[in-house]
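entry38.cif, holding mmCIF, C-alpha atoms:
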data_run
#
loop_
_atom_site.label_atom_id
_atom_site.label_comp_id
_atom_site.auth_asym_id
_atom_site.auth_seq_id
_atom_site.Cartn_x
_atom_site.Cartn_y
_atom_site.Cartn_z
CA MET A 1 26.73 18.80 75.96
CA LYS A 2 26.65 15.99 73.43
CA LEU A 3 23.00 14.95 73.64
CA SER A 4 19.56 16.00 74.87
CA VAL A 5 16.70 13.52 75.21
CA SER A 6 13.29 15.13 74.69
CA VAL A 7 10.30 13.35 76.22
CA ILE A 8 6.75 14.61 75.63
CA THR A 9 4.12 13.21 77.93
CA TYR A 10 0.43 13.64 78.64
CA ASN A 11 -1.77 11.23 80.63
CA HIS A 12 0.88 8.51 80.49
CA GLU A 13 0.61 7.39 84.12
CA PRO A 14 0.82 3.63 83.29
CA TYR A 15 3.83 4.12 80.99
CA ILE A 16 6.01 7.10 81.89
CA ALA A 17 8.15 5.38 84.55
CA ARG A 18 9.24 2.68 82.12
CA ALA A 19 10.02 5.34 79.50
CA ILE A 20 12.27 7.22 81.92
CA GLU A 21 13.95 4.04 83.18
CA GLY A 22 14.77 3.12 79.58
CA ILE A 23 16.62 6.43 79.21
CA LEU A 24 18.42 6.22 82.55
CA MET A 25 19.77 2.75 81.71
CA GLN A 26 21.68 4.08 78.69
CA GLN A 27 25.40 3.35 78.68
CA THR A 28 27.33 6.14 76.96
CA ASP A 29 30.80 7.64 76.86
CA PHE A 30 29.32 11.16 76.73
CA ASP A 31 27.11 13.28 78.94
CA TYR A 32 23.42 13.70 78.19
CA GLU A 33 20.39 15.42 79.69
CA ILE A 34 16.73 14.40 79.84
CA VAL A 35 14.18 17.17 79.34
CA ILE A 36 10.56 16.14 79.95
CA GLY A 37 7.67 18.26 78.71
CA GLU A 38 4.65 17.34 80.84
CA ASP A 39 1.54 18.89 79.28
CA CYS A 40 -0.67 19.28 82.37
CA SER A 41 -1.94 15.70 82.59
CA THR A 42 -5.18 14.88 84.39
CA ASP A 43 -3.73 11.69 85.91
CA ARG A 44 -0.56 11.11 88.03
CA THR A 45 1.91 11.61 85.17
CA ARG A 46 3.18 14.95 86.51
CA GLU A 47 3.64 13.54 90.00
CA ILE A 48 5.73 10.66 88.62
CA VAL A 49 7.82 12.98 86.44
CA LEU A 50 8.57 15.36 89.33
CA ASP A 51 9.52 12.42 91.54
CA TYR A 52 12.11 11.30 88.98
CA GLN A 53 13.40 14.86 88.69
CA MET A 54 13.93 15.00 92.45
CA ARG A 55 15.79 11.67 92.38
CA TYR A 56 17.98 12.60 89.38
CA PRO A 57 18.34 16.41 89.50
CA GLU A 58 21.70 16.31 87.73
CA ARG A 59 20.18 14.46 84.77
CA ILE A 60 16.50 15.46 84.45
CA ARG A 61 14.92 18.83 83.76
CA THR A 62 11.20 19.43 83.30
CA ILE A 63 8.96 21.80 81.33
CA ILE A 64 5.79 22.17 83.40
CA PRO A 65 3.14 24.52 81.97
CA GLU A 66 0.31 25.65 84.23
CA ARG A 67 -2.29 24.59 81.67
CA ASN A 68 -2.48 22.15 78.78
CA LEU A 69 -0.91 23.78 75.72
CA GLY A 70 -3.00 21.81 73.23
CA GLN A 71 -2.48 21.25 69.50
CA ALA A 72 -2.08 17.49 70.06
CA GLY A 73 1.23 18.02 71.86
CA LEU A 74 2.80 20.28 69.23
CA ARG A 75 3.15 23.33 71.48
CA ILE A 76 4.71 21.46 74.41
CA LEU A 77 7.09 19.84 71.91
CA VAL A 78 8.18 23.25 70.60
CA GLU A 79 8.59 24.61 74.13
CA THR A 80 10.72 21.61 75.06
CA LEU A 81 12.88 21.79 71.93
CA ARG A 82 13.73 25.40 72.76
CA GLU A 83 15.22 24.33 76.11
CA LEU A 84 17.54 21.62 74.80
CA ARG A 85 21.30 22.11 75.01
CA GLY A 86 22.72 19.05 73.26
CA GLU A 87 24.54 18.85 69.96
CA TYR A 88 22.15 16.00 69.10
CA ILE A 89 18.52 15.48 70.11
CA ALA A 90 16.77 12.14 70.70
CA ARG A 91 12.96 12.17 70.66
CA MET A 92 10.32 10.00 72.28
CA ASP A 93 6.86 10.12 73.83
CA GLY A 94 6.09 9.04 77.36
CA ASP A 95 4.12 5.93 76.39
CA ASP A 96 7.02 4.30 74.51
CA TYR A 97 10.32 2.93 75.82
CA TRP A 98 13.81 1.89 74.76
CA THR A 99 15.02 -1.68 75.04
CA SER A 100 18.72 -1.42 74.20
CA PRO A 101 21.11 0.19 76.72
CA TYR A 102 23.37 1.12 73.77
CA LYS A 103 20.75 2.93 71.68
CA LEU A 104 22.04 6.44 72.33
CA GLN A 105 25.69 5.42 71.94
CA ARG A 106 24.97 3.69 68.61
CA GLN A 107 23.08 6.63 67.19
CA VAL A 108 25.60 9.25 68.32
CA GLU A 109 28.39 7.21 66.74
CA PHE A 110 26.36 6.95 63.53
CA LEU A 111 25.78 10.73 63.27
CA ASP A 112 29.41 11.44 64.17
CA SER A 113 30.57 9.20 61.33
CA HIS A 114 27.94 10.37 58.80
CA PRO A 115 28.11 14.18 58.64
CA ASP A 116 25.85 14.13 55.56
CA CYS A 117 22.99 12.73 57.69
CA SER A 118 20.75 15.13 59.57
CA LEU A 119 18.83 12.35 61.36
CA CYS A 120 19.09 8.66 62.08
CA PHE A 121 16.52 6.14 63.29
CA HIS A 122 16.17 2.42 64.00
CA ASN A 123 13.68 -0.43 64.07
CA VAL A 124 11.16 -0.77 66.86
CA LEU A 125 8.73 -3.40 68.06
CA HIS A 126 5.07 -2.40 67.71
CA ILE A 127 3.01 -3.58 70.67
CA TYR A 128 -0.79 -3.42 70.57
CA GLU A 129 -2.76 -3.19 73.80
CA ASP A 130 -5.81 -4.75 72.14
CA GLY A 131 -3.96 -8.06 71.95
CA SER A 132 -3.01 -7.93 68.26
CA PRO A 133 0.28 -9.73 67.51
CA PRO A 134 3.37 -7.50 67.90
CA HIS A 135 5.59 -6.90 64.90
CA ASN A 136 8.80 -5.13 63.97
CA ARG A 137 8.74 -1.93 61.96
CA PHE A 138 11.44 -1.46 59.36
CA ALA A 139 12.45 1.25 56.91
CA PRO A 140 11.16 0.83 53.32
CA GLY A 141 13.33 -1.83 51.71
CA ARG A 142 15.67 -1.45 54.69
CA GLN A 143 17.55 1.24 52.79
CA GLN A 144 20.39 2.73 54.85
CA PHE A 145 19.74 6.25 53.55
CA THR A 146 16.49 7.91 52.52
CA THR A 147 15.49 11.40 51.40
CA THR A 148 12.71 13.99 51.53
CA ARG A 149 10.86 12.28 48.70
CA ASP A 150 10.91 8.99 50.62
CA ILE A 151 9.63 10.43 53.91
CA LEU A 152 6.83 12.27 52.12
CA ARG A 153 5.59 9.00 50.64
CA SER A 154 4.96 7.61 54.12
CA CYS A 155 5.96 8.32 57.71
CA TYR A 156 8.10 5.24 58.33
CA ILE A 157 10.18 6.61 61.23
CA PRO A 158 8.83 5.31 64.56
CA GLY A 159 8.25 8.03 67.16
CA CYS A 160 10.66 6.63 69.76
CA SER A 161 13.57 6.08 67.35
CA PRO A 162 14.85 9.37 65.85
CA MET A 163 17.98 11.26 66.76
CA PHE A 164 18.78 14.45 64.86
CA ARG A 165 21.19 17.34 64.85
CA ARG A 166 20.28 20.42 66.85
CA GLU A 167 20.47 22.51 63.67
CA VAL A 168 17.36 20.74 62.35
CA VAL A 169 15.15 22.60 64.83
CA ALA A 170 17.20 25.80 65.15
CA GLU A 171 14.78 27.66 62.88
CA LEU A 172 11.52 25.84 62.29
CA PRO A 173 9.48 26.87 59.21
CA SER A 174 6.15 28.59 59.78
CA TRP A 175 4.10 25.70 58.32
CA PHE A 176 5.35 23.37 61.07
CA PHE A 177 3.46 25.25 63.79
CA ASP A 178 0.10 24.50 62.19
CA VAL A 179 0.26 20.78 61.38
CA LEU A 180 -1.40 17.96 63.25
CA TRP A 181 1.38 15.41 62.70
CA ALA A 182 4.38 17.09 64.37
CA ASP A 183 6.76 14.11 64.14
CA TRP A 184 6.26 13.73 60.40
CA GLY A 185 6.86 17.46 60.10
CA LEU A 186 10.17 17.18 61.99
CA TYR A 187 11.35 14.32 59.80
CA THR A 188 10.50 16.30 56.67
CA ILE A 189 12.42 19.32 57.96
CA ALA A 190 15.39 17.07 58.78
CA ALA A 191 15.32 15.48 55.33
CA GLU A 192 15.51 18.94 53.76
CA GLN A 193 18.85 19.37 55.55
CA GLY A 194 20.49 15.99 54.95
CA LYS A 195 19.99 12.26 54.51
CA LEU A 196 17.93 10.14 56.91
CA GLY A 197 20.14 7.32 58.18
CA TYR A 198 18.79 3.91 59.18
CA LEU A 199 20.16 1.45 61.76
CA ASP A 200 18.77 -2.03 61.12
CA GLU A 201 18.37 -2.99 64.78
CA VAL A 202 15.37 -3.14 67.13
CA MET A 203 16.11 -0.79 70.04
CA GLY A 204 12.71 0.35 71.29
CA VAL A 205 9.01 -0.35 71.73
CA TYR A 206 6.24 1.74 70.19
CA ARG A 207 2.90 1.22 71.91
CA ILE A 208 -0.44 1.43 70.10
CA HIS A 209 -3.26 1.96 72.57
CA ALA A 210 -6.72 3.50 72.68
CA THR A 211 -5.60 6.69 74.46
CA GLY A 212 -2.69 7.48 72.14
CA VAL A 213 -2.61 10.99 70.65
CA TRP A 214 -3.00 9.62 67.14
CA SER A 215 -4.77 6.28 67.61
CA SER A 216 -7.50 7.85 69.76
CA ARG A 217 -8.59 10.11 66.90
CA PRO A 218 -11.56 9.06 64.73
CA ARG A 219 -10.63 7.65 61.33
CA LEU A 220 -11.97 10.72 59.50
CA ASP A 221 -9.86 13.05 61.65
CA GLN A 222 -6.75 11.00 60.94
CA LEU A 223 -7.28 11.08 57.18
CA GLU A 224 -8.13 14.77 57.11
CA GLY A 225 -5.08 15.47 59.28
CA VAL A 226 -2.77 13.78 56.78
CA ILE A 227 -4.38 15.63 53.86
CA ASP A 228 -3.95 18.92 55.69
CA PHE A 229 -0.31 18.00 56.41
CA TYR A 230 0.40 17.34 52.74
CA GLN A 231 -1.20 20.60 51.65
CA LYS A 232 0.78 22.69 54.14
CA VAL A 233 4.08 20.97 53.39
CA ASN A 234 3.46 21.41 49.67
CA ARG A 235 3.07 25.17 50.08
CA GLY A 236 5.88 25.37 52.63
CA THR A 237 8.37 23.63 50.33
CA GLN A 238 7.35 25.79 47.34
CA TYR A 239 5.92 22.72 45.56
CA ARG A 240 9.35 21.11 45.07
CA TYR A 241 7.82 17.70 45.84
CA ALA A 242 4.45 18.31 44.20
CA ASP A 243 4.45 14.97 42.33
CA VAL A 244 5.08 12.92 45.49
CA ILE A 245 2.53 14.92 47.46
CA ALA A 246 -0.06 14.62 44.66
CA HIS A 247 0.26 10.84 44.90
CA GLY A 248 -0.18 11.01 48.69
CA LEU A 249 -3.19 13.31 48.41
CA SER A 250 -4.83 10.98 45.89
CA ARG A 251 -4.24 8.01 48.19
CA PHE A 252 -5.69 9.66 51.28
CA TYR A 253 -8.59 11.33 49.48
CA SER A 254 -9.42 7.85 48.15
CA ALA A 255 -9.41 6.46 51.70
CA LEU A 256 -11.48 9.43 52.85
CA ALA A 257 -14.05 8.79 50.11
CA ALA A 258 -14.34 5.13 51.06
CA THR A 259 -14.74 6.02 54.75
CA TYR A 260 -17.49 8.54 54.02
CA LEU A 261 -19.25 5.97 51.84
CA GLU A 262 -19.15 3.42 54.68
CA GLN A 263 -20.92 6.05 56.81
CA ASP A 264 -23.55 6.68 54.09
CA ASP A 265 -22.37 10.26 53.67
CA HIS A 266 -22.65 10.21 49.89
CA ARG A 267 -22.12 13.92 49.29
CA GLN A 268 -18.81 13.94 51.18
CA ALA A 269 -17.78 10.67 49.52
CA ARG A 270 -18.31 12.18 46.06
CA ASP A 271 -16.41 15.32 47.01
CA ALA A 272 -13.42 13.34 48.32
CA ALA A 273 -13.43 11.00 45.30
CA TRP A 274 -13.34 13.88 42.84
CA LYS A 275 -10.48 15.48 44.82
CA ALA A 276 -8.56 12.20 44.63
CA LEU A 277 -8.98 12.10 40.85
CA ARG A 278 -7.99 15.75 40.47
CA SER A 279 -4.93 15.31 42.71
CA GLU A 280 -3.46 12.59 40.48
CA PRO A 281 -5.46 12.18 37.25
CA LEU A 282 -2.97 9.67 35.81
CA GLY A 283 -2.62 7.66 39.00
CA ARG A 284 -2.56 3.88 39.21
CA HIS A 285 -5.37 2.09 37.41
CA PHE A 286 -6.65 0.16 40.42
CA ARG A 287 -7.10 3.39 42.35
CA ARG A 288 -9.05 5.04 39.54
CA THR A 289 -11.25 1.97 39.29
CA ASP A 290 -11.94 2.02 43.01
CA LEU A 291 -12.74 5.72 42.86
CA LEU A 292 -15.15 5.21 39.98
CA ARG A 293 -16.92 2.57 42.07
CA VAL A 294 -17.15 5.01 44.98
CA LEU A 295 -18.55 7.69 42.68
CA ALA A 296 -21.06 5.28 41.18
CA ALA A 297 -22.19 4.08 44.60
CA SER A 298 -22.47 7.65 45.91
CA TYR A 299 -24.83 8.56 43.07
CA VAL A 300 -26.76 5.31 42.83
CA ALA A 301 -27.55 4.89 46.55
CA PRO A 302 -29.35 8.25 46.93
CA ALA A 303 -31.23 7.59 43.68
CA ARG A 304 -32.43 4.22 44.93
CA LYS A 305 -33.47 5.79 48.23
CA TRP A 306 -35.45 8.44 46.36
CA LEU A 307 -37.19 5.81 44.22
CA ARG A 308 -38.13 3.75 47.28
CA HIS A 309 -39.52 6.84 48.96
CA ARG A 310 -41.53 7.69 45.86
CA ARG A 311 -43.02 4.17 45.63
CA LEU A 312 -44.01 4.30 49.30
CA ARG A 313 -45.75 7.60 48.76
CA ARG A 314 -47.76 6.16 45.83
CA THR A 315 -48.92 3.23 47.93
#
Please render this file's structure as structure tokens.
Amino acid sequence: MKLSVSVITYNHEPYIARAIEGILMQQTDFDYEIVIGEDCSTDRTREIVLDYQMRYPERIRTIIPERNLGQAGLRILVETLRELRGEYIARMDGDDYWTSPYKLQRQVEFLDSHPDCSLCFHNVLHIYEDGSPPHNRFAPGRQQFTTTRDILRSCYIPGCSPMFRREVVAELPSWFFDVLWADWGLYTIAAEQGKLGYLDEVMGVYRIHATGVWSSRPRLDQLEGVIDFYQKVNRGTQYRYADVIAHGLSRFYSALAATYLEQDDHRQARDAAWKALRSEPLGRHFRRTDLLRVLAASYVAPARKWLRHRRLRRT
């Protein structure tokens, strides 16, 4: 079989039907399967998925665990990947959808004609349920080909856009099974095996909503999750990209320090600020300046509080 489409879904009742319809509308000159991993939702997602499977049994297969597998969807993703039969794999989550009926055809043709690419992706439209203006998401500088160093600088591949070769996930490294950001991990693994190809065309919609796996997490959890990702990838790749990862760690430790300071957690803010400085001591000047301000504020604020308390006691 030429292609497998992997869909991971959990509590996507308002969205999953549109996601599946966007796959079924694809016009291709090759056969493809749809494999849906439904991670024991608490709403009607499973019911909708099974209804589609009954209507399209020749096209749709399902992975239906008896309980939620957890790890922010990582385990159901791994279970689903193991069941795929296609030469190529297209990935998406059940709250996104495709807008072009030629998406799969275009990406298969691209990988067929670029054997040095392990993965290709395209632009998407970001839609915000809070009413924020939608916008397109592009690759950095709209470069046609990017590398491991590029993807480690930022995760610029939208979750509903990638297609990669089956070999990418044939033998996943041990570090992948313990990261919070599974998609970023997959893209990094793919980049280790070939170039990341870019199609400069909007062919899908990526939704940002309050119940999303990533967007529903508190800001501190998001930042700590990225830091943990960098640390595990650094060890897993034997520090081959240590300079790029050091820059990323400094950036996210800086953001973590600022977030802790906003919450008046001065001890944690100091700890994160020092880690940012140690991660990249010769980093950009503006970042060092910001960190010094965080450090100053984290020491000064408790001192002022202590002085106020002492004055009150004297009076």
Since I can't run it myself right now, could you work out what the PyMOL selection byres ((chain A and resi 243-256) around 6) selects here and report it as a PDB file with C-alpha atoms, in the frame of the given file?
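Writing done, so here's part-v4.pdb:
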ATOM      1  CA  TYR A 241       7.820  17.700  45.840  1.00  0.00           C
ATOM      2  CA  ALA A 242       4.450  18.310  44.200  1.00  0.00           C
ATOM      3  CA  ALA A 257     -14.050   8.790  50.110  1.00  0.00           C
ATOM      4  CA  ALA A 258     -14.340   5.130  51.060  1.00  0.00           C
ATOM      5  CA  THR A 259     -14.740   6.020  54.750  1.00  0.00           C
ATOM      6  CA  ALA A 272     -13.420  13.340  48.320  1.00  0.00           C
ATOM      7  CA  ALA A 273     -13.430  11.000  45.300  1.00  0.00           C
ATOM      8  CA  ALA A 276      -8.560  12.200  44.630  1.00  0.00           C
ATOM      9  CA  SER A 279      -4.930  15.310  42.710  1.00  0.00           C
ATOM     10  CA  GLU A 280      -3.460  12.590  40.480  1.00  0.00           C
TER      11      GLU A 280
END
Q. If I put a ball of radius 7 Å at (13.5, 9.5, 74.5) in the file's coordinates, which residues poke into it when counting all atoms listed in the file, written as a PyMOL selection string?
A. chain A and resi 5-7+23+90-93+160
Next, write the just-selected residues to a file, as a compact mmCIF listing (two decimals), in the frame of the given file, keeping C-alpha atoms as the atom set.
# COMPACT_ATOMS: atom_id res chain seq x y z
CA VAL A 5 16.70 13.52 75.21
CA SER A 6 13.29 15.13 74.69
CA VAL A 7 10.30 13.35 76.22
CA ILE A 23 16.62 6.43 79.21
CA ALA A 90 16.77 12.14 70.70
CA ARG A 91 12.96 12.17 70.66
CA MET A 92 10.32 10.00 72.28
CA ASP A 93 6.86 10.12 73.83
CA CYS A 160 10.66 6.63 69.76
Q.
Restricting the calculation to all atoms listed in the file: of A:Thr80, A:Thr99, A:Gln26, A:Thr9, which residue gets closest to Glu38 of chain A?
A. A:Thr9
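With distances restricted to all atoms listed in the file, A:Leu119 is the closest residue to Gln193 of chain A from A:Gln144, A:Ser174, A:Leu119, A:Leu223.
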Q: Mind checking which residues fall within 12 Å of Arg235 of chain A, counting all atoms listed in the file, ignoring those fewer than 3 positions away in the same chain, and posting them as a ChimeraX atom specification?
A: /A:173-176,228-232,238-242,245
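Every residue that the PyMOL selection byres ((chain A and resi 96) around 6) selects in this file is listed here: Ala19, Asp93, Gly94, Asp95, Tyr97, Val205, Tyr206 and Arg207 of chain A.
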Q. Between A:Gln143, A:Thr42, A:Ser132, A:Thr28, which has the minimum distance to Pro101 of chain A (counting all atoms listed in the file)?
A. A:Thr28
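With distances taken over all atoms listed in the file, A:Leu180 is the one residue among A:Leu180, A:Arg106, A:Ile208, A:Gly194 lying closest to Glu224 of chain A.
Closest to Thr237 of chain A among A:Pro218, A:Gly185, A:Gly73, A:Gly204 is A:Gly185, based on all atoms listed in the file.
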Write out as a PDB file with C-alpha atoms, keeping the file's coordinate frame which residues come within 9 Å of Asn123 of chain A when counting only C-alpha atoms, dropping same-chain ones fewer than 2 positions away.
ATOM      1  CA  PHE A 121      16.520   6.140  63.290  1.00  0.00           C
ATOM      2  CA  LEU A 125       8.730  -3.400  68.060  1.00  0.00           C
ATOM      3  CA  ASN A 136       8.800  -5.130  63.970  1.00  0.00           C
ATOM      4  CA  ARG A 137       8.740  -1.930  61.960  1.00  0.00           C
ATOM      5  CA  PHE A 138      11.440  -1.460  59.360  1.00  0.00           C
ATOM      6  CA  ALA A 139      12.450   1.250  56.910  1.00  0.00           C
ATOM      7  CA  ILE A 157      10.180   6.610  61.230  1.00  0.00           C
ATOM      8  CA  PRO A 158       8.830   5.310  64.560  1.00  0.00           C
ATOM      9  CA  SER A 161      13.570   6.080  67.350  1.00  0.00           C
ATOM     10  CA  TYR A 198      18.790   3.910  59.180  1.00  0.00           C
ATOM     11  CA  LEU A 199      20.160   1.450  61.760  1.00  0.00           C
ATOM     12  CA  ASP A 200      18.770  -2.030  61.120  1.00  0.00           C
ATOM     13  CA  GLU A 201      18.370  -2.990  64.780  1.00  0.00           C
ATOM     14  CA  VAL A 202      15.370  -3.140  67.130  1.00  0.00           C
ATOM     15  CA  MET A 203      16.110  -0.790  70.040  1.00  0.00           C
ATOM     16  CA  GLY A 204      12.710   0.350  71.290  1.00  0.00           C
ATOM     17  CA  VAL A 205       9.010  -0.350  71.730  1.00  0.00           C
TER      18      VAL A 205
END
Q. What is the atom CA of Arg165 of chain A to atom CA of Glu79 of chain A distance in Å?
A. 17.3 Å
